[in-house]
Amino acid sequence: MNKTRMAYFENDDVLHLAISDEPEAGSVEVSPNITAELNAEGDLIGIEILSASTFIRDSVLDSVQAKVLDLVETKVA
């Protein structure tokens with residue numbers, strides 16, 4: 001079984017997650033700055049995130065804000 005690997009390229013602010021050692025045969029942009037890498041059969045083998053520091057920061061903030069709002073609504077109810 002292949003091991004998942006993650007690499008961050010600080011100079012380019014790119015985060016790469018590889019879930020397979022298979023060669024990339026194609027890719028699909030799933031949202032701005034996020035690309036899914038595919039093997040020859042169309043299976044997911046990796047993900048590349050451009051502007052990774054901003055993406056991670058915004059994702060964490062959104063998650064925290066949602067949890068805080070849920071806590072506030074629970075206390076009010």
# chains A, B, ... in the order shown; residues from 1 in each chain; ligands from 1
>>> residues_around(residues="Ile19 in chain A", least_positions_apart="4", cutoff="12 Å", atoms="only C-alpha atoms", output="PDB file with C-alpha atoms, in the first residue's frame")
ATOM      1  CA  MET A   1       0.000   0.000   0.000  1.00  0.00           C
ATOM      2  CA  ASN A   2       1.251   3.475  -0.846  1.00  0.00           C
ATOM      3  CA  LYS A   3       1.871   5.997   1.893  1.00  0.00           C
ATOM      4  CA  THR A   4       0.340   9.444   1.778  1.00  0.00           C
ATOM      5  CA  ARG A   5       2.913  12.214   1.551  1.00  0.00           C
ATOM      6  CA  MET A   6       2.542  15.933   1.980  1.00  0.00           C
ATOM      7  CA  ALA A   7       4.995  18.602   0.859  1.00  0.00           C
ATOM      8  CA  PRO A  23       2.260   8.741 -12.471  1.00  0.00           C
ATOM      9  CA  GLU A  24      -0.095  11.626 -13.135  1.00  0.00           C
ATOM     10  CA  ALA A  36      -7.041  17.069  -8.348  1.00  0.00           C
ATOM     11  CA  GLU A  37      -4.356  14.920  -9.957  1.00  0.00           C
ATOM     12  CA  LEU A  38      -5.526  11.720 -11.665  1.00  0.00           C
ATOM     13  CA  ASN A  39      -3.894   8.501 -12.861  1.00  0.00           C
ATOM     14  CA  ASP A  43      -8.508   7.746  -9.971  1.00  0.00           C
ATOM     15  CA  LEU A  44      -7.411  10.468  -7.571  1.00  0.00           C
ATOM     16  CA  ILE A  45      -3.684  10.263  -6.821  1.00  0.00           C
ATOM     17  CA  GLY A  46      -2.980  13.727  -5.434  1.00  0.00           C
ATOM     18  CA  ILE A  47      -4.159  17.225  -4.651  1.00  0.00           C
ATOM     19  CA  GLU A  48      -2.342  20.491  -5.234  1.00  0.00           C
TER      20      GLU A  48
END
>>> select_by_dssp(residues="chain A", states="strand (DSSP E)", output="PyMOL selection string")
chain A and resi 5-9+14-18+26-31+34-38+44-50
>>> write_last_selection(atoms="N, CA and C atoms", output="short mmCIF file (atom, residue, chain, number, x, y, z; two decimals), in the first residue's frame")
data_model
loop_
_atom_site.label_atom_id
_atom_site.label_comp_id
_atom_site.auth_asym_id
_atom_site.auth_seq_id
_atom_site.Cartn_x
_atom_site.Cartn_y
_atom_site.Cartn_z
N ARG A 5 1.84 11.27 1.28
CA ARG A 5 2.91 12.21 1.55
C ARG A 5 2.40 13.63 1.32
N MET A 6 2.92 14.54 2.13
CA MET A 6 2.54 15.93 1.98
C MET A 6 3.82 16.75 1.89
N ALA A 7 3.84 17.71 1.00
CA ALA A 7 5.00 18.60 0.86
C ALA A 7 4.48 20.03 0.70
N TYR A 8 5.16 20.93 1.39
CA TYR A 8 4.83 22.36 1.27
C TYR A 8 6.02 23.07 0.66
N PHE A 9 5.78 23.81 -0.41
CA PHE A 9 6.81 24.56 -1.10
C PHE A 9 6.62 26.04 -0.75
N VAL A 14 2.72 26.52 -2.18
CA VAL A 14 1.98 25.40 -2.76
C VAL A 14 2.04 24.22 -1.80
N LEU A 15 0.89 23.63 -1.54
CA LEU A 15 0.80 22.42 -0.73
C LEU A 15 0.43 21.27 -1.66
N HIS A 16 1.21 20.20 -1.59
CA HIS A 16 0.95 19.05 -2.45
C HIS A 16 0.73 17.82 -1.58
N LEU A 17 -0.37 17.15 -1.79
CA LEU A 17 -0.71 15.92 -1.08
C LEU A 17 -0.75 14.79 -2.09
N ALA A 18 0.16 13.83 -1.93
CA ALA A 18 0.21 12.67 -2.83
C ALA A 18 -0.35 11.47 -2.08
N GLY A 26 -3.41 13.12 -15.76
CA GLY A 26 -4.27 14.26 -16.02
C GLY A 26 -4.61 14.97 -14.72
N SER A 27 -5.32 16.07 -14.85
CA SER A 27 -5.72 16.82 -13.67
C SER A 27 -7.02 17.55 -13.94
N VAL A 28 -7.71 17.89 -12.85
CA VAL A 28 -8.98 18.60 -12.94
C VAL A 28 -8.97 19.70 -11.89
N GLU A 29 -9.28 20.93 -12.30
CA GLU A 29 -9.39 22.02 -11.34
C GLU A 29 -10.74 21.89 -10.66
N VAL A 30 -10.74 21.61 -9.36
CA VAL A 30 -11.99 21.40 -8.63
C VAL A 30 -12.54 22.70 -8.05
N SER A 31 -11.69 23.67 -7.85
CA SER A 31 -12.08 25.01 -7.46
C SER A 31 -10.87 25.91 -7.70
N ILE A 34 -7.24 24.89 -6.52
CA ILE A 34 -7.19 23.49 -6.07
C ILE A 34 -7.34 22.58 -7.28
N THR A 35 -6.33 21.71 -7.44
CA THR A 35 -6.30 20.79 -8.57
C THR A 35 -6.22 19.36 -8.09
N ALA A 36 -7.08 18.51 -8.63
CA ALA A 36 -7.04 17.07 -8.35
C ALA A 36 -6.20 16.42 -9.43
N GLU A 37 -5.22 15.62 -9.02
CA GLU A 37 -4.36 14.92 -9.96
C GLU A 37 -4.86 13.49 -10.11
N LEU A 38 -4.92 13.02 -11.36
CA LEU A 38 -5.53 11.72 -11.67
C LEU A 38 -4.53 10.80 -12.36
N LEU A 44 -8.12 9.40 -8.26
CA LEU A 44 -7.41 10.47 -7.57
C LEU A 44 -6.08 9.95 -7.02
N ILE A 45 -5.00 10.65 -7.34
CA ILE A 45 -3.68 10.26 -6.82
C ILE A 45 -3.01 11.40 -6.06
N GLY A 46 -3.58 12.60 -6.14
CA GLY A 46 -2.98 13.73 -5.43
C GLY A 46 -3.82 14.97 -5.53
N ILE A 47 -3.48 15.94 -4.67
CA ILE A 47 -4.16 17.23 -4.65
C ILE A 47 -3.09 18.31 -4.53
N GLU A 48 -3.26 19.36 -5.30
CA GLU A 48 -2.34 20.49 -5.23
C GLU A 48 -3.15 21.74 -4.88
N ILE A 49 -2.67 22.47 -3.88
CA ILE A 49 -3.34 23.69 -3.44
C ILE A 49 -2.39 24.87 -3.63
N LEU A 50 -2.78 25.79 -4.50
CA LEU A 50 -2.02 27.02 -4.70
C LEU A 50 -2.48 28.05 -3.66
#
>>> select_by_dssp(residues="chain A", states="helix (DSSP H, G or I)", output="PyMOL selection string")
chain A and resi 52-76
>>> write_last_selection(atoms="C-alpha atoms", output="PDB file, in the first residue's frame")
ATOM      1  CA  ALA A  52      -2.000  27.290   0.398  1.00  0.00           C
ATOM      2  CA  SER A  53      -1.360  29.499   3.416  1.00  0.00           C
ATOM      3  CA  THR A  54      -4.374  31.667   2.587  1.00  0.00           C
ATOM      4  CA  PHE A  55      -6.556  28.649   1.801  1.00  0.00           C
ATOM      5  CA  ILE A  56      -5.672  26.879   5.073  1.00  0.00           C
ATOM      6  CA  ARG A  57      -6.111  30.058   7.136  1.00  0.00           C
ATOM      7  CA  ASP A  58      -9.515  30.795   5.604  1.00  0.00           C
ATOM      8  CA  SER A  59     -10.669  27.173   5.979  1.00  0.00           C
ATOM      9  CA  VAL A  60      -9.709  27.086   9.658  1.00  0.00           C
ATOM     10  CA  LEU A  61     -11.340  30.464  10.316  1.00  0.00           C
ATOM     11  CA  ASP A  62     -14.565  29.362   8.605  1.00  0.00           C
ATOM     12  CA  SER A  63     -14.643  26.174  10.676  1.00  0.00           C
ATOM     13  CA  VAL A  64     -13.979  27.984  13.949  1.00  0.00           C
ATOM     14  CA  GLN A  65     -16.577  30.661  13.195  1.00  0.00           C
ATOM     15  CA  ALA A  66     -19.188  27.997  12.412  1.00  0.00           C
ATOM     16  CA  LYS A  67     -18.510  26.221  15.715  1.00  0.00           C
ATOM     17  CA  VAL A  68     -18.647  29.494  17.676  1.00  0.00           C
ATOM     18  CA  LEU A  69     -21.947  30.458  16.033  1.00  0.00           C
ATOM     19  CA  ASP A  70     -23.345  27.011  16.820  1.00  0.00           C
ATOM     20  CA  LEU A  71     -22.331  27.409  20.478  1.00  0.00           C
ATOM     21  CA  VAL A  72     -23.916  30.871  20.658  1.00  0.00           C
ATOM     22  CA  GLU A  73     -27.165  29.634  19.081  1.00  0.00           C
ATOM     23  CA  THR A  74     -27.243  26.655  21.469  1.00  0.00           C
ATOM     24  CA  LYS A  75     -26.865  28.949  24.509  1.00  0.00           C
ATOM     25  CA  VAL A  76     -29.607  31.299  23.252  1.00  0.00           C
TER      26      VAL A  76
END
